Amino acid sequence: MSELELEFEQLQQNLPGWVRASQPCSAHGRVAAYIPELSKAPGEALGIHLIDAQGRTLTAGDSSLSFTMQSISKVFTLILALIDNGEKKVFSKVGMEPTGDNFNSMLKLELVRPGIPFNPLINAGAIAVSSIIGGDSPDEKSSRVLQFFRKLAHNDSLDYDYEVYRSESDTANLNRSMGYLLKDNGVLEGDVDDVLDVYFKHCSINATCADLSRMALVLAFNGTDPITGENLIPRRYVQIAKTFMTTCGMYNASGEFAIQVGLPAKSGVSGGILSMVPGRYGIGVIGPALNAKGNSIAGVQLLETMSQQMDWSLF
Ligand SMILES: NC(=O)CC[C@H](N)C(=O)O
């Protein structure tokens, strides 16, 4: 039996136990409520889906739960913006550095000149990125985003959760302020409300752990879906996305996550985490109860256990 086969078998045997052991952590977290619709999620849930290059899958826990991608979508809108505009233009709008601040902070937009967001994975950065996605109208931009996500997830039924979209759009005073500040700083192109609409829509794309794992698999294999053999993303842009995931993907807990888990990952406030073992697996996790930094509390615990037990850290 090859090393990979042995590893897969070991995962198969242990995954349900690791999920059971991590799940009680969710009692120490809280489901996000600042987007009112998100507060309906089951806080005690924890699920995982993993896929390898041959399309073999492993699931455990509440892996069939569907949830909105929220900040996980920022990785893929960044990639689409890079495809549409190239690196020079994208990096005239956002920087390459972690902030150490909360994901929705606008502090440095005023403090640090020239007032461009520090990176594309914080809210301000993702809003700036949304403004340069190709398309003649907000609807066309959003529809290009959705098509791109469907292709990466290999799932044509991926769609918006309109309840969550409306719930966010109706209550997003902070993100709106950020949009106007970015416009004033000369970062946003076009109408602020139009840009925010594209942003709220991509955050509200509904997915399951299976969808996240398939999207992650494409990143784990440098832009080629290893199951179909189709090249979906230029390797350079995957490299940029994975680097941002490692340095900024878990917000201001990215350093701790790099030490404890050591894998590229991106979380969202709905409790999803997309992660991967480069060259091996795509991973999707859901656990709606969040820690103080806004990451799935049980999800992080589960990834920590897996990475440490399987010796997956890249570092
Ligand atoms: N951290 C997140 O997942 C934030 C995304 C959410 N849509 C927001 O803008 O607040």
# chains A, B, ... in the order shown; residues from 1 in each chain; ligands from 1

$ residues_near_ligand --ligand "ligand 1" --cutoff "6 Å" --atoms "only C-alpha atoms and all ligand atoms" --output "list in words"
Gln70, Ser71, Phe103, Asn123, Cys203, Gly268 and Val269 of chain A

$ write_last_selection --atoms "N, CA and C atoms" --output "mmCIF file, in the first residue's frame"
data_model
loop_
_atom_site.group_PDB
_atom_site.id
_atom_site.type_symbol
_atom_site.label_atom_id
_atom_site.label_comp_id
_atom_site.auth_asym_id
_atom_site.auth_seq_id
_atom_site.Cartn_x
_atom_site.Cartn_y
_atom_site.Cartn_z
ATOM 1 N N GLN A 70 -19.522 33.828 2.907
ATOM 2 C CA GLN A 70 -18.992 35.028 3.582
ATOM 3 C C GLN A 70 -17.541 35.294 3.150
ATOM 4 N N SER A 71 -16.639 35.459 4.105
ATOM 5 C CA SER A 71 -15.282 35.895 3.731
ATOM 6 C C SER A 71 -14.496 34.857 2.937
ATOM 7 N N PHE A 103 -11.362 41.937 11.192
ATOM 8 C CA PHE A 103 -11.628 41.861 9.746
ATOM 9 C C PHE A 103 -12.441 43.035 9.223
ATOM 10 N N ASN A 123 -12.376 43.047 5.091
ATOM 11 C CA ASN A 123 -13.552 43.581 4.403
ATOM 12 C C ASN A 123 -13.199 44.728 3.445
ATOM 13 N N CYS A 203 -20.573 37.371 -0.850
ATOM 14 C CA CYS A 203 -20.522 36.834 0.519
ATOM 15 C C CYS A 203 -21.699 35.894 0.791
ATOM 16 N N GLY A 268 -14.907 32.197 7.305
ATOM 17 C CA GLY A 268 -15.984 33.164 7.101
ATOM 18 C C GLY A 268 -16.848 33.218 8.353
ATOM 19 N N VAL A 269 -17.585 34.335 8.538
ATOM 20 C CA VAL A 269 -18.365 34.475 9.781
ATOM 21 C C VAL A 269 -19.557 33.539 9.881
#

$ residues_around --residues "stretch 292-309 of chain A" --least-positions-apart "5" --cutoff "7 Å" --atoms "only C-alpha atoms" --output "NGL selection string"
:A and (18-19 or 22-23 or 25-26 or 29 or 46 or 250 or 252-253 or 260-261 or 267-269 or 271-272 or 285-287)

$ select_by_dssp --residues "stretch 144-302 of chain A" --states "alpha helix (DSSP H)" --output "number ranges by chain"
A: 144-153, 162-171, 173-184, 192-203, 209-220, 235-248, 254-260, 297-302

$ write_last_selection --atoms "C-alpha atoms" --output "mmCIF file, in the first residue's frame"
data_model
loop_
_atom_site.group_PDB
_atom_site.id
_atom_site.type_symbol
_atom_site.label_atom_id
_atom_site.label_comp_id
_atom_site.auth_asym_id
_atom_site.auth_seq_id
_atom_site.Cartn_x
_atom_site.Cartn_y
_atom_site.Cartn_z
ATOM 1 C CA ARG A 144 -19.440 36.379 -13.575
ATOM 2 C CA VAL A 145 -18.480 35.724 -9.936
ATOM 3 C CA LEU A 146 -21.201 33.098 -9.542
ATOM 4 C CA GLN A 147 -20.215 31.358 -12.808
ATOM 5 C CA PHE A 148 -16.581 31.283 -11.701
ATOM 6 C CA PHE A 149 -17.477 29.810 -8.306
ATOM 7 C CA ARG A 150 -19.718 27.191 -9.955
ATOM 8 C CA LYS A 151 -16.872 26.135 -12.210
ATOM 9 C CA LEU A 152 -14.399 25.840 -9.327
ATOM 10 C CA ALA A 153 -16.853 23.930 -7.127
ATOM 11 C CA TYR A 162 -31.136 35.941 -0.879
ATOM 12 C CA GLU A 163 -32.298 36.085 2.752
ATOM 13 C CA VAL A 164 -28.716 36.420 3.971
ATOM 14 C CA TYR A 165 -27.912 38.855 1.157
ATOM 15 C CA ARG A 166 -30.816 41.133 2.108
ATOM 16 C CA SER A 167 -30.097 40.758 5.803
ATOM 17 C CA GLU A 168 -26.509 41.902 5.279
ATOM 18 C CA SER A 169 -27.371 44.646 2.812
ATOM 19 C CA ASP A 170 -30.004 46.068 5.206
ATOM 20 C CA THR A 171 -27.655 46.215 8.198
ATOM 21 C CA ASN A 173 -23.576 50.312 8.099
ATOM 22 C CA LEU A 174 -19.920 49.618 8.815
ATOM 23 C CA ASN A 175 -19.164 48.141 5.388
ATOM 24 C CA ARG A 176 -21.018 51.055 3.776
ATOM 25 C CA SER A 177 -18.928 53.571 5.712
ATOM 26 C CA MET A 178 -15.839 51.714 4.542
ATOM 27 C CA GLY A 179 -17.052 51.874 0.953
ATOM 28 C CA TYR A 180 -17.481 55.644 1.127
ATOM 29 C CA LEU A 181 -14.119 56.127 2.821
ATOM 30 C CA LEU A 182 -12.469 54.029 0.106
ATOM 31 C CA LYS A 183 -14.210 56.099 -2.555
ATOM 32 C CA ASP A 184 -12.953 59.274 -0.929
ATOM 33 C CA VAL A 192 -20.225 52.794 -3.970
ATOM 34 C CA ASP A 193 -23.624 51.125 -3.619
ATOM 35 C CA ASP A 194 -23.075 49.145 -6.816
ATOM 36 C CA VAL A 195 -19.718 47.893 -5.542
ATOM 37 C CA LEU A 196 -21.200 46.950 -2.170
ATOM 38 C CA ASP A 197 -23.972 45.044 -3.915
ATOM 39 C CA VAL A 198 -21.396 42.879 -5.719
ATOM 40 C CA TYR A 199 -19.616 42.357 -2.367
ATOM 41 C CA PHE A 200 -22.763 41.390 -0.392
ATOM 42 C CA LYS A 201 -23.797 39.019 -3.173
ATOM 43 C CA HIS A 202 -20.538 37.120 -3.282
ATOM 44 C CA CYS A 203 -20.522 36.834 0.519
ATOM 45 C CA CYS A 209 -18.395 21.554 2.900
ATOM 46 C CA ALA A 210 -18.264 19.454 -0.289
ATOM 47 C CA ASP A 211 -18.284 22.630 -2.419
ATOM 48 C CA LEU A 212 -15.543 24.235 -0.328
ATOM 49 C CA SER A 213 -13.417 21.112 -0.506
ATOM 50 C CA ARG A 214 -13.632 20.950 -4.300
ATOM 51 C CA MET A 215 -12.712 24.637 -4.626
ATOM 52 C CA ALA A 216 -9.829 24.069 -2.214
ATOM 53 C CA LEU A 217 -8.685 21.052 -4.230
ATOM 54 C CA VAL A 218 -8.146 23.305 -7.260
ATOM 55 C CA LEU A 219 -5.900 25.532 -5.119
ATOM 56 C CA ALA A 220 -4.158 22.489 -3.629
ATOM 57 C CA ARG A 235 -0.574 29.014 -11.176
ATOM 58 C CA ARG A 236 0.803 32.451 -10.234
ATOM 59 C CA TYR A 237 -2.612 33.617 -9.016
ATOM 60 C CA VAL A 238 -3.049 30.472 -6.926
ATOM 61 C CA GLN A 239 0.345 31.190 -5.403
ATOM 62 C CA ILE A 240 -0.787 34.723 -4.485
ATOM 63 C CA ALA A 241 -4.096 33.458 -3.059
ATOM 64 C CA LYS A 242 -2.449 30.720 -0.965
ATOM 65 C CA THR A 243 0.106 33.163 0.401
ATOM 66 C CA PHE A 244 -2.653 35.544 1.493
ATOM 67 C CA MET A 245 -4.558 32.630 3.039
ATOM 68 C CA THR A 246 -1.473 31.738 5.073
ATOM 69 C CA THR A 247 -0.700 35.290 6.230
ATOM 70 C CA CYS A 248 -4.209 36.809 6.462
ATOM 71 C CA SER A 254 -3.524 33.957 11.171
ATOM 72 C CA GLY A 255 -0.189 33.783 13.004
ATOM 73 C CA GLU A 256 -1.593 31.487 15.665
ATOM 74 C CA PHE A 257 -3.283 29.331 13.010
ATOM 75 C CA ALA A 258 0.011 29.089 11.076
ATOM 76 C CA ILE A 259 1.750 27.860 14.218
ATOM 77 C CA GLN A 260 -0.981 25.443 15.344
ATOM 78 C CA ILE A 297 -14.106 27.647 17.296
ATOM 79 C CA ALA A 298 -14.664 23.899 16.838
ATOM 80 C CA GLY A 299 -13.545 24.065 13.193
ATOM 81 C CA VAL A 300 -10.153 25.463 14.169
ATOM 82 C CA GLN A 301 -9.840 22.843 16.906
ATOM 83 C CA LEU A 302 -10.616 20.076 14.408
#

$ residues_around --residues "stretch 129-132 of chain A" --least-positions-apart "2" --cutoff "9 Å" --atoms "only C-alpha atoms" --output "number ranges by chain"
A: 74, 77-78, 81, 84-85, 89-90, 93-94, 120, 124-127, 134-135, 141, 187-192, 194-196, 198-199

$ write_last_selection --atoms "N, CA and C atoms" --output "JSON list (two decimals), in the first residue's frame"
[["chain", "number", "residue", "atom", "x", "y", "z"],
["A", 74, "LYS", "N", -13.83, 35.76, -0.57],
["A", 74, "LYS", "CA", -12.84, 36.80, -0.91],
["A", 74, "LYS", "C", -11.61, 36.23, -1.62],
["A", 77, "THR", "N", -12.81, 35.91, -5.32],
["A", 77, "THR", "CA", -13.02, 37.19, -6.03],
["A", 77, "THR", "C", -11.66, 37.84, -6.27],
["A", 78, "LEU", "N", -10.73, 37.64, -5.34],
["A", 78, "LEU", "CA", -9.36, 38.14, -5.58],
["A", 78, "LEU", "C", -8.79, 37.48, -6.84],
["A", 81, "ALA", "N", -10.41, 38.88, -9.90],
["A", 81, "ALA", "CA", -9.93, 40.24, -10.17],
["A", 81, "ALA", "C", -8.51, 40.20, -10.76],
["A", 84, "ASP", "N", -8.91, 39.21, -14.33],
["A", 84, "ASP", "CA", -9.48, 40.30, -15.12],
["A", 84, "ASP", "C", -8.52, 41.47, -15.33],
["A", 85, "ASN", "N", -7.69, 41.75, -14.31],
["A", 85, "ASN", "CA", -6.91, 43.00, -14.33],
["A", 85, "ASN", "C", -5.41, 42.85, -14.30],
["A", 89, "LYS", "N", -2.58, 46.20, -11.46],
["A", 89, "LYS", "CA", -3.80, 46.96, -11.14],
["A", 89, "LYS", "C", -4.35, 46.53, -9.78],
["A", 90, "VAL", "N", -4.42, 45.22, -9.53],
["A", 90, "VAL", "CA", -4.98, 44.75, -8.26],
["A", 90, "VAL", "C", -4.18, 45.33, -7.09],
["A", 93, "LYS", "N", -4.74, 48.72, -5.68],
["A", 93, "LYS", "CA", -5.97, 48.88, -4.87],
["A", 93, "LYS", "C", -5.85, 48.28, -3.48],
["A", 94, "VAL", "N", -5.05, 47.25, -3.34],
["A", 94, "VAL", "CA", -4.88, 46.59, -2.03],
["A", 94, "VAL", "C", -3.41, 46.24, -1.81],
["A", 120, "PRO", "N", -6.32, 41.93, 0.59],
["A", 120, "PRO", "CA", -7.64, 41.70, -0.03],
["A", 120, "PRO", "C", -8.57, 40.81, 0.77],
["A", 124, "ALA", "N", -12.43, 45.70, 3.95],
["A", 124, "ALA", "CA", -12.10, 46.86, 3.11],
["A", 124, "ALA", "C", -11.41, 46.41, 1.82],
["A", 125, "GLY", "N", -10.49, 45.44, 1.95],
["A", 125, "GLY", "CA", -9.75, 44.97, 0.79],
["A", 125, "GLY", "C", -10.64, 44.25, -0.21],
["A", 126, "ALA", "N", -11.55, 43.44, 0.33],
["A", 126, "ALA", "CA", -12.44, 42.68, -0.56],
["A", 126, "ALA", "C", -13.43, 43.62, -1.26],
["A", 127, "ILE", "N", -13.83, 44.68, -0.58],
["A", 127, "ILE", "CA", -14.73, 45.66, -1.20],
["A", 127, "ILE", "C", -13.97, 46.36, -2.34],
["A", 134, "GLY", "N", -14.46, 42.35, -13.59],
["A", 134, "GLY", "CA", -14.93, 42.73, -14.92],
["A", 134, "GLY", "C", -16.44, 42.59, -15.08],
["A", 135, "GLY", "N", -17.02, 43.50, -15.88],
["A", 135, "GLY", "CA", -18.47, 43.46, -16.15],
["A", 135, "GLY", "C", -18.99, 44.88, -16.28],
["A", 141, "LYS", "N", -21.23, 41.71, -13.16],
["A", 141, "LYS", "CA", -20.08, 41.34, -12.31],
["A", 141, "LYS", "C", -20.47, 40.17, -11.40],
["A", 187, "VAL", "N", -9.81, 54.91, -3.98],
["A", 187, "VAL", "CA", -9.55, 53.48, -4.23],
["A", 187, "VAL", "C", -10.68, 52.84, -5.03],
["A", 188, "LEU", "N", -11.92, 53.10, -4.62],
["A", 188, "LEU", "CA", -13.06, 52.45, -5.29],
["A", 188, "LEU", "C", -13.32, 53.06, -6.65],
["A", 189, "GLU", "N", -13.59, 52.16, -7.61],
["A", 189, "GLU", "CA", -14.00, 52.63, -8.93],
["A", 189, "GLU", "C", -15.50, 52.44, -9.03],
["A", 190, "GLY", "N", -16.19, 53.40, -9.59],
["A", 190, "GLY", "CA", -17.64, 53.26, -9.79],
["A", 190, "GLY", "C", -18.44, 53.69, -8.58],
["A", 191, "ASP", "N", -19.73, 53.37, -8.64],
["A", 191, "ASP", "CA", -20.68, 53.79, -7.63],
["A", 191, "ASP", "C", -20.53, 52.91, -6.37],
["A", 192, "VAL", "N", -20.48, 53.54, -5.21],
["A", 192, "VAL", "CA", -20.22, 52.79, -3.97],
["A", 192, "VAL", "C", -21.30, 51.73, -3.72],
["A", 194, "ASP", "N", -23.21, 50.23, -5.83],
["A", 194, "ASP", "CA", -23.07, 49.14, -6.82],
["A", 194, "ASP", "C", -21.97, 48.18, -6.41],
["A", 195, "VAL", "N", -20.85, 48.74, -5.95],
["A", 195, "VAL", "CA", -19.72, 47.89, -5.54],
["A", 195, "VAL", "C", -20.12, 47.04, -4.34],
["A", 196, "LEU", "N", -20.79, 47.69, -3.37],
["A", 196, "LEU", "CA", -21.20, 46.95, -2.17],
["A", 196, "LEU", "C", -22.18, 45.83, -2.52],
["A", 198, "VAL", "N", -22.19, 44.01, -5.22],
["A", 198, "VAL", "CA", -21.40, 42.88, -5.72],
["A", 198, "VAL", "C", -20.76, 42.15, -4.53],
["A", 199, "TYR", "N", -20.26, 42.93, -3.57],
["A", 199, "TYR", "CA", -19.62, 42.36, -2.37],
["A", 199, "TYR", "C", -20.61, 41.54, -1.53]]

$ select_by_dssp --residues "stretch 20-67 of chain A" --states "strand (DSSP E)" --output "PyMOL selection string"
chain A and resi 30-31+47-52+57-61+67

$ write_last_selection --atoms "N, CA and C atoms" --output "mmCIF file, in the first residue's frame"
data_model
loop_
_atom_site.group_PDB
_atom_site.id
_atom_site.type_symbol
_atom_site.label_atom_id
_atom_site.label_comp_id
_atom_site.auth_asym_id
_atom_site.auth_seq_id
_atom_site.Cartn_x
_atom_site.Cartn_y
_atom_site.Cartn_z
ATOM 1 N N ARG A 30 -19.772 31.547 19.764
ATOM 2 C CA ARG A 30 -21.038 32.230 19.530
ATOM 3 C C ARG A 30 -21.303 32.352 18.036
ATOM 4 N N VAL A 31 -22.535 32.086 17.612
ATOM 5 C CA VAL A 31 -22.908 32.258 16.206
ATOM 6 C C VAL A 31 -22.961 33.763 15.912
ATOM 7 N N GLY A 47 -18.977 19.923 11.017
ATOM 8 C CA GLY A 47 -18.892 18.951 9.930
ATOM 9 C C GLY A 47 -17.672 19.197 9.070
ATOM 10 N N ILE A 48 -17.263 18.152 8.362
ATOM 11 C CA ILE A 48 -16.076 18.262 7.495
ATOM 12 C C ILE A 48 -16.240 17.387 6.264
ATOM 13 N N HIS A 49 -15.678 17.857 5.155
ATOM 14 C CA HIS A 49 -15.650 17.091 3.912
ATOM 15 C C HIS A 49 -14.245 17.249 3.332
ATOM 16 N N LEU A 50 -13.679 16.131 2.931
ATOM 17 C CA LEU A 50 -12.311 16.151 2.395
ATOM 18 C C LEU A 50 -12.325 15.407 1.058
ATOM 19 N N ILE A 51 -11.568 15.907 0.092
ATOM 20 C CA ILE A 51 -11.533 15.236 -1.209
ATOM 21 C C ILE A 51 -10.092 15.138 -1.700
ATOM 22 N N ASP A 52 -9.761 14.022 -2.369
ATOM 23 C CA ASP A 52 -8.397 13.894 -2.896
ATOM 24 C C ASP A 52 -8.404 13.958 -4.421
ATOM 25 N N THR A 57 -13.718 10.798 -1.362
ATOM 26 C CA THR A 57 -14.121 11.772 -0.342
ATOM 27 C C THR A 57 -14.256 11.116 1.028
ATOM 28 N N LEU A 58 -14.104 11.930 2.054
ATOM 29 C CA LEU A 58 -14.374 11.523 3.427
ATOM 30 C C LEU A 58 -15.237 12.592 4.066
ATOM 31 N N THR A 59 -16.264 12.197 4.786
ATOM 32 C CA THR A 59 -17.075 13.195 5.474
ATOM 33 C C THR A 59 -17.300 12.732 6.907
ATOM 34 N N ALA A 60 -17.532 13.697 7.782
ATOM 35 C CA ALA A 60 -17.872 13.355 9.168
ATOM 36 C C ALA A 60 -18.663 14.503 9.774
ATOM 37 N N GLY A 61 -19.489 14.184 10.748
ATOM 38 C CA GLY A 61 -20.285 15.200 11.443
ATOM 39 C C GLY A 61 -21.368 15.772 10.547
ATOM 40 N N PHE A 67 -24.406 26.709 4.052
ATOM 41 C CA PHE A 67 -24.116 27.972 4.735
ATOM 42 C C PHE A 67 -23.588 28.948 3.691
#
